[in-house]
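Undergrad: Provided below: my_file28.csv, containing CSV, C-alpha atoms.
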chain,number,residue,atom,x,y,z
A,1,MET,CA,117.6,236.5,94.5
A,2,LEU,CA,114.2,236.4,96.3
A,3,LYS,CA,114.4,235.8,100.1
A,4,ILE,CA,111.7,233.7,101.7
A,5,ASN,CA,111.3,233.7,105.5
A,6,ILE,CA,109.1,231.2,107.2
A,7,ILE,CA,108.4,232.4,110.7
A,8,CYS,CA,106.6,229.7,112.7
A,9,ILE,CA,105.6,229.0,116.3
A,10,GLY,CA,106.8,225.7,117.7
A,11,LYS,CA,109.5,223.1,116.9
A,12,ILE,CA,109.3,220.1,114.6
A,13,LYS,CA,109.5,217.0,116.7
A,14,GLU,CA,109.1,214.1,114.3
A,15,GLN,CA,112.2,213.2,112.2
A,16,PHE,CA,110.1,212.4,109.1
A,17,PHE,CA,108.8,216.0,109.1
A,18,ARG,CA,112.4,217.3,109.5
A,19,ASP,CA,113.5,215.1,106.6
A,20,ALA,CA,110.8,216.5,104.3
A,21,ILE,CA,111.6,220.1,105.4
A,22,ASP,CA,115.3,219.5,104.7
A,23,GLU,CA,114.5,218.0,101.3
A,24,TYR,CA,112.4,220.9,100.1
A,25,SER,CA,114.8,223.4,101.6
A,26,LYS,CA,117.6,221.9,99.5
A,27,ARG,CA,115.4,222.0,96.4
A,28,LEU,CA,114.5,225.6,97.0
A,29,ASN,CA,118.2,226.8,97.3
A,30,LYS,CA,118.2,226.9,93.5
A,31,TYR,CA,115.4,229.5,93.4
A,32,CYS,CA,115.6,231.6,96.6
A,33,THR,CA,117.3,232.2,99.9
A,34,LEU,CA,115.2,230.4,102.4
A,35,ASN,CA,115.2,231.0,106.2
A,36,ILE,CA,113.0,229.1,108.6
A,37,LEU,CA,112.7,230.7,112.0
A,38,GLU,CA,111.2,228.6,114.8
A,39,LEU,CA,109.9,230.6,117.7
A,40,PRO,CA,108.9,229.0,121.0
A,41,ASP,CA,105.2,228.4,121.6
A,42,GLU,CA,103.6,229.7,124.8
A,43,LYS,CA,102.2,227.4,127.4
A,44,ILE,CA,98.4,227.1,127.1
A,45,PRO,CA,96.6,226.6,130.4
A,46,ASN,CA,94.2,223.6,130.6
A,47,ASN,CA,90.6,224.8,130.0
A,48,ALA,CA,92.0,228.2,128.9
A,49,SER,CA,89.5,231.1,129.1
A,50,ASP,CA,89.1,233.4,126.1
A,51,LYS,CA,91.2,236.0,127.9
A,52,GLU,CA,94.0,233.4,128.5
A,53,ILE,CA,93.9,232.4,124.8
A,54,SER,CA,94.1,236.0,123.8
A,55,ILE,CA,97.2,236.5,126.1
A,56,VAL,CA,98.9,233.5,124.6
A,57,LYS,CA,98.2,234.6,121.0
A,58,ASP,CA,99.4,238.2,121.8
A,59,LYS,CA,102.7,236.9,123.3
A,60,GLU,CA,103.3,234.7,120.3
A,61,GLY,CA,102.3,237.6,118.0
A,62,GLN,CA,104.8,240.0,119.7
A,63,ASN,CA,107.6,237.4,119.3
A,64,ILE,CA,106.7,237.1,115.6
A,65,PHE,CA,106.6,240.9,115.2
A,66,ASN,CA,110.0,241.3,116.9
A,67,ASN,CA,111.4,238.9,114.2
A,68,LEU,CA,109.8,240.4,111.1
A,69,LYS,CA,112.0,242.2,108.6
A,70,LYS,CA,110.8,245.7,108.0
A,71,ASP,CA,111.0,245.5,104.1
A,72,SER,CA,109.2,242.1,103.9
A,73,TYR,CA,105.9,241.3,102.2
A,74,ILE,CA,104.0,239.6,105.0
A,75,ILE,CA,101.7,236.7,104.3
A,76,CYS,CA,99.8,235.1,107.2
A,77,LEU,CA,98.7,231.5,106.8
A,78,ASP,CA,95.2,231.6,108.2
A,79,LEU,CA,92.0,229.5,107.9
A,80,ASN,CA,90.1,232.7,106.9
A,81,GLY,CA,92.5,233.8,104.2
A,82,LYS,CA,92.1,233.7,100.5
A,83,GLN,CA,92.5,230.4,98.7
A,84,PHE,CA,94.6,230.0,95.5
A,85,THR,CA,95.3,227.3,93.0
A,86,SER,CA,99.0,226.3,92.7
A,87,GLU,CA,99.2,228.4,89.5
A,88,GLU,CA,97.7,231.4,91.2
A,89,PHE,CA,100.0,231.0,94.2
A,90,ALA,CA,103.0,230.9,91.8
A,91,SER,CA,101.7,234.0,90.1
A,92,LYS,CA,101.3,235.7,93.5
A,93,ILE,CA,105.0,234.9,94.5
A,94,ASN,CA,106.2,236.0,91.1
A,95,ASN,CA,104.2,239.3,91.3
A,96,ILE,CA,105.5,240.1,94.8
A,97,SER,CA,109.1,239.5,93.8
A,98,LEU,CA,108.8,241.6,90.7
A,99,ASN,CA,106.6,244.5,92.0
A,100,TYR,CA,106.8,244.7,95.7
A,101,ASN,CA,109.7,243.3,97.7
A,102,SER,CA,112.7,241.0,97.5
A,103,THR,CA,111.6,239.3,100.7
A,104,ILE,CA,108.4,237.4,101.5
A,105,SER,CA,107.7,236.4,105.1
A,106,PHE,CA,105.2,233.6,105.6
A,107,ILE,CA,103.8,233.4,109.1
A,108,ILE,CA,102.6,230.1,110.6
A,109,GLY,CA,101.0,230.8,114.0
A,110,GLY,CA,100.8,228.5,117.0
A,111,SER,CA,98.0,226.0,117.7
A,112,LEU,CA,95.6,228.8,118.7
A,113,GLY,CA,96.2,230.7,115.5
A,114,ILE,CA,97.8,234.1,114.7
A,115,SER,CA,97.2,237.2,116.8
A,116,LYS,CA,95.0,240.0,115.4
A,117,ASN,CA,97.9,242.4,115.7
A,118,ILE,CA,99.9,240.3,113.2
A,119,LEU,CA,96.9,239.7,110.9
A,120,ASN,CA,96.4,243.5,110.9
A,121,ILE,CA,99.9,244.3,109.8
A,122,SER,CA,100.2,241.6,107.2
A,123,ASP,CA,99.9,242.4,103.5
A,124,GLU,CA,97.5,239.5,103.1
A,125,SER,CA,96.3,236.3,104.6
A,126,ILE,CA,96.0,233.1,102.6
A,127,SER,CA,94.5,229.7,103.3
A,128,PHE,CA,95.6,226.4,101.8
A,129,SER,CA,92.4,224.6,102.8
A,130,LYS,CA,89.3,224.9,104.9
A,131,MET,CA,90.7,221.9,106.8
A,132,THR,CA,92.9,222.2,109.8
A,133,PHE,CA,96.4,220.7,109.5
A,134,PRO,CA,99.0,220.0,112.2
A,135,HIS,CA,101.5,222.9,112.2
A,136,GLN,CA,104.4,220.5,111.7
A,137,LEU,CA,102.7,219.0,108.6
A,138,PHE,CA,101.7,222.4,107.3
A,139,ARG,CA,105.3,223.6,107.2
A,140,VAL,CA,106.0,220.7,104.8
A,141,ILE,CA,102.9,221.6,102.7
A,142,LEU,CA,104.0,225.3,102.5
A,143,LEU,CA,107.5,224.4,101.4
A,144,GLU,CA,106.2,222.0,98.8
A,145,GLN,CA,103.8,224.7,97.4
A,146,ILE,CA,106.6,227.3,97.3
A,147,TYR,CA,108.8,224.8,95.5
A,148,ARG,CA,106.0,223.9,93.1
A,149,SER,CA,105.5,227.7,92.5
A,150,PHE,CA,109.1,228.1,91.4
A,151,LYS,CA,108.8,225.2,89.1
A,152,ILE,CA,105.7,226.8,87.5
A,153,ILE,CA,107.3,230.2,87.3
A,154,ASN,CA,110.3,228.8,85.5
A,155,ASN,CA,108.2,226.5,83.2
A,156,GLU,CA,110.0,223.4,84.6
A,157,THR,CA,108.3,220.1,84.8
A,158,TYR,CA,107.0,218.8,88.2
A,159,HIS,CA,104.5,216.1,89.0
A,160,LYS,CA,100.8,217.2,89.1
How does the structure come out when it is put into structure tokens?
TA:
Amino acid sequence: MLKINIICIGKIKEQFFRDAIDEYSKRLNKYCTLNILELPDEKIPNNASDKEISIVKDKEGQNIFNNLKKDSYIICLDLNGKQFTSEEFASKINNISLNYNSTISFIIGGSLGISKNILNISDESISFSKMTFPHQLFRVILLEQIYRSFKIINNETYHK
């Protein structure tokens, strides 16, 4: 069974986000082994300089790197990544599981984004929109799209 890791910076604070994450996690149990790893976010100084921002991103990136599985296909969620339709995303997940690895790791960075080191070692970067979403909401969106992908892959009905 395909393993999906979601490695993210920061904790979910609002109960309604946790409820949605729990719901999609339960639904996904039928299709994959899901693991969500929340890593602590680094403190960002007020009026942070470019150097301070880089240090924060690098620390978060090192923490992400330390928690990556070596045999995993790594996908960073990044505003500059490639965009897919839901059908193309489903095909991507199916293709990875059939031709590359039995583990996919999705990376959601902190509020400053993902460090260049992590972007450089990832197999690819994808973007769900040119818009910026709160990281807590984005986790729900990612889980919903993964769930939708499995419904598409298995030719099962799901709302459009």
Undergrad: Could you check the closest approach to Ile93 (chain A) for each of A:Ile152, A:Gly109, A:Asn120, A:Leu39 and tell me which residue wins, using only C-alpha atoms?
TA: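 Smallest separation from Ile93 (chain A) among the options: A:Ile152.
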Undergrad: Might you pull out every residue within 6 Å of region 128-135 of chain A, with only C-alpha atoms counted and same-chain residues fewer than 2 positions away left off, and present them as a list in words?
TA: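 Here the answer would be Gln83, Leu137 and Phe138 of chain A.
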Undergrad: Please report the interatomic distance between CA of Gly10 (chain A) and CA of Ser122 (chain A) in Å with one decimal.
TA: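 It comes out at 20.2 Å.
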Undergrad: Report, in Å with one decimal, the straight-line distance from CA of Ile64 (chain A) to CA of Ser49 (chain A).
TA: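 Computed distance, CA of Ile64 (chain A) to CA of Ser49 (chain A), equals 22.7 Å.
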Undergrad: Neighbouring residues of Phe150 (chain A) were defined as those with any atom within 9 Å, considering all atoms listed in the file; residues of the same chain fewer than 5 positions away were excluded. Please report them as number ranges by chain.
TA: A: 28, 31, 90, 93-94, 145, 155-156
Undergrad: From the set A:Asp50, A:Gly110, A:Thr157, A:Tyr100, which residue has the shortest atom-to-atom contact distance to Arg139 (chain A), counting only C-alpha atoms?
TA: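 Under the stated criterion, the closest residue is A:Gly110.
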Undergrad: Any idea what the distance is between CA of Ile75 (chain A) and CA of Pro45 (chain A)?
TA: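 Rounded to one decimal, the two atoms are 28.4 Å apart.
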Undergrad: Between A:Ser102, A:Arg18, A:Tyr24, A:Ser111, which is the closest to Ile53 (chain A) once you count only C-alpha atoms?
TA: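 Smallest separation from Ile53 (chain A) among the options: A:Ser111.
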Undergrad: Rank nothing, just name the residue among A:Ile96, A:Ile21, A:Ile126, A:Ile55 nearest to Ser72 (chain A), using all atoms listed in the file.
TA: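 Ranked by minimum distance to Ser72 (chain A), first place goes to A:Ile96.
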Undergrad: Please determine the residues with any atom at most 6 Å from (112.4, 230.3, 105.9) (coordinates as given in the file, with all atoms listed in the file counting) and report them as a PyMOL selection string.
TA: chain A and resi 4-6+34-36
Undergrad: Tell me which of A:Thr103, A:Asn46, A:Asn117, A:Asn95 sits closest to Phe65 (chain A), counting all atoms listed in the file.
TA: A:Asn117
Undergrad: Taking 3 positions as the minimum chain separation for residues in the same chain, which residues sit within 8 Å of Ile44 (chain A) when counting only C-alpha atoms? Answer as a PDB file with C-alpha atoms, in the coordinates of the input.
TA:
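What ended up in out-v4.pdb:
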ATOM      1  CA  ALA A  48      92.000 228.200 128.900  1.00  0.00           C
ATOM      2  CA  GLU A  52      94.000 233.400 128.500  1.00  0.00           C
ATOM      3  CA  ILE A  53      93.900 232.400 124.800  1.00  0.00           C
ATOM      4  CA  VAL A  56      98.900 233.500 124.600  1.00  0.00           C
TER       5      VAL A  56
END
Undergrad: Of the candidates A:Lys30, A:Lys3, A:Lys51, A:Lys13, which one gets nearest to Lys151 (chain A) if we count all atoms listed in the file?
TA: A:Lys30
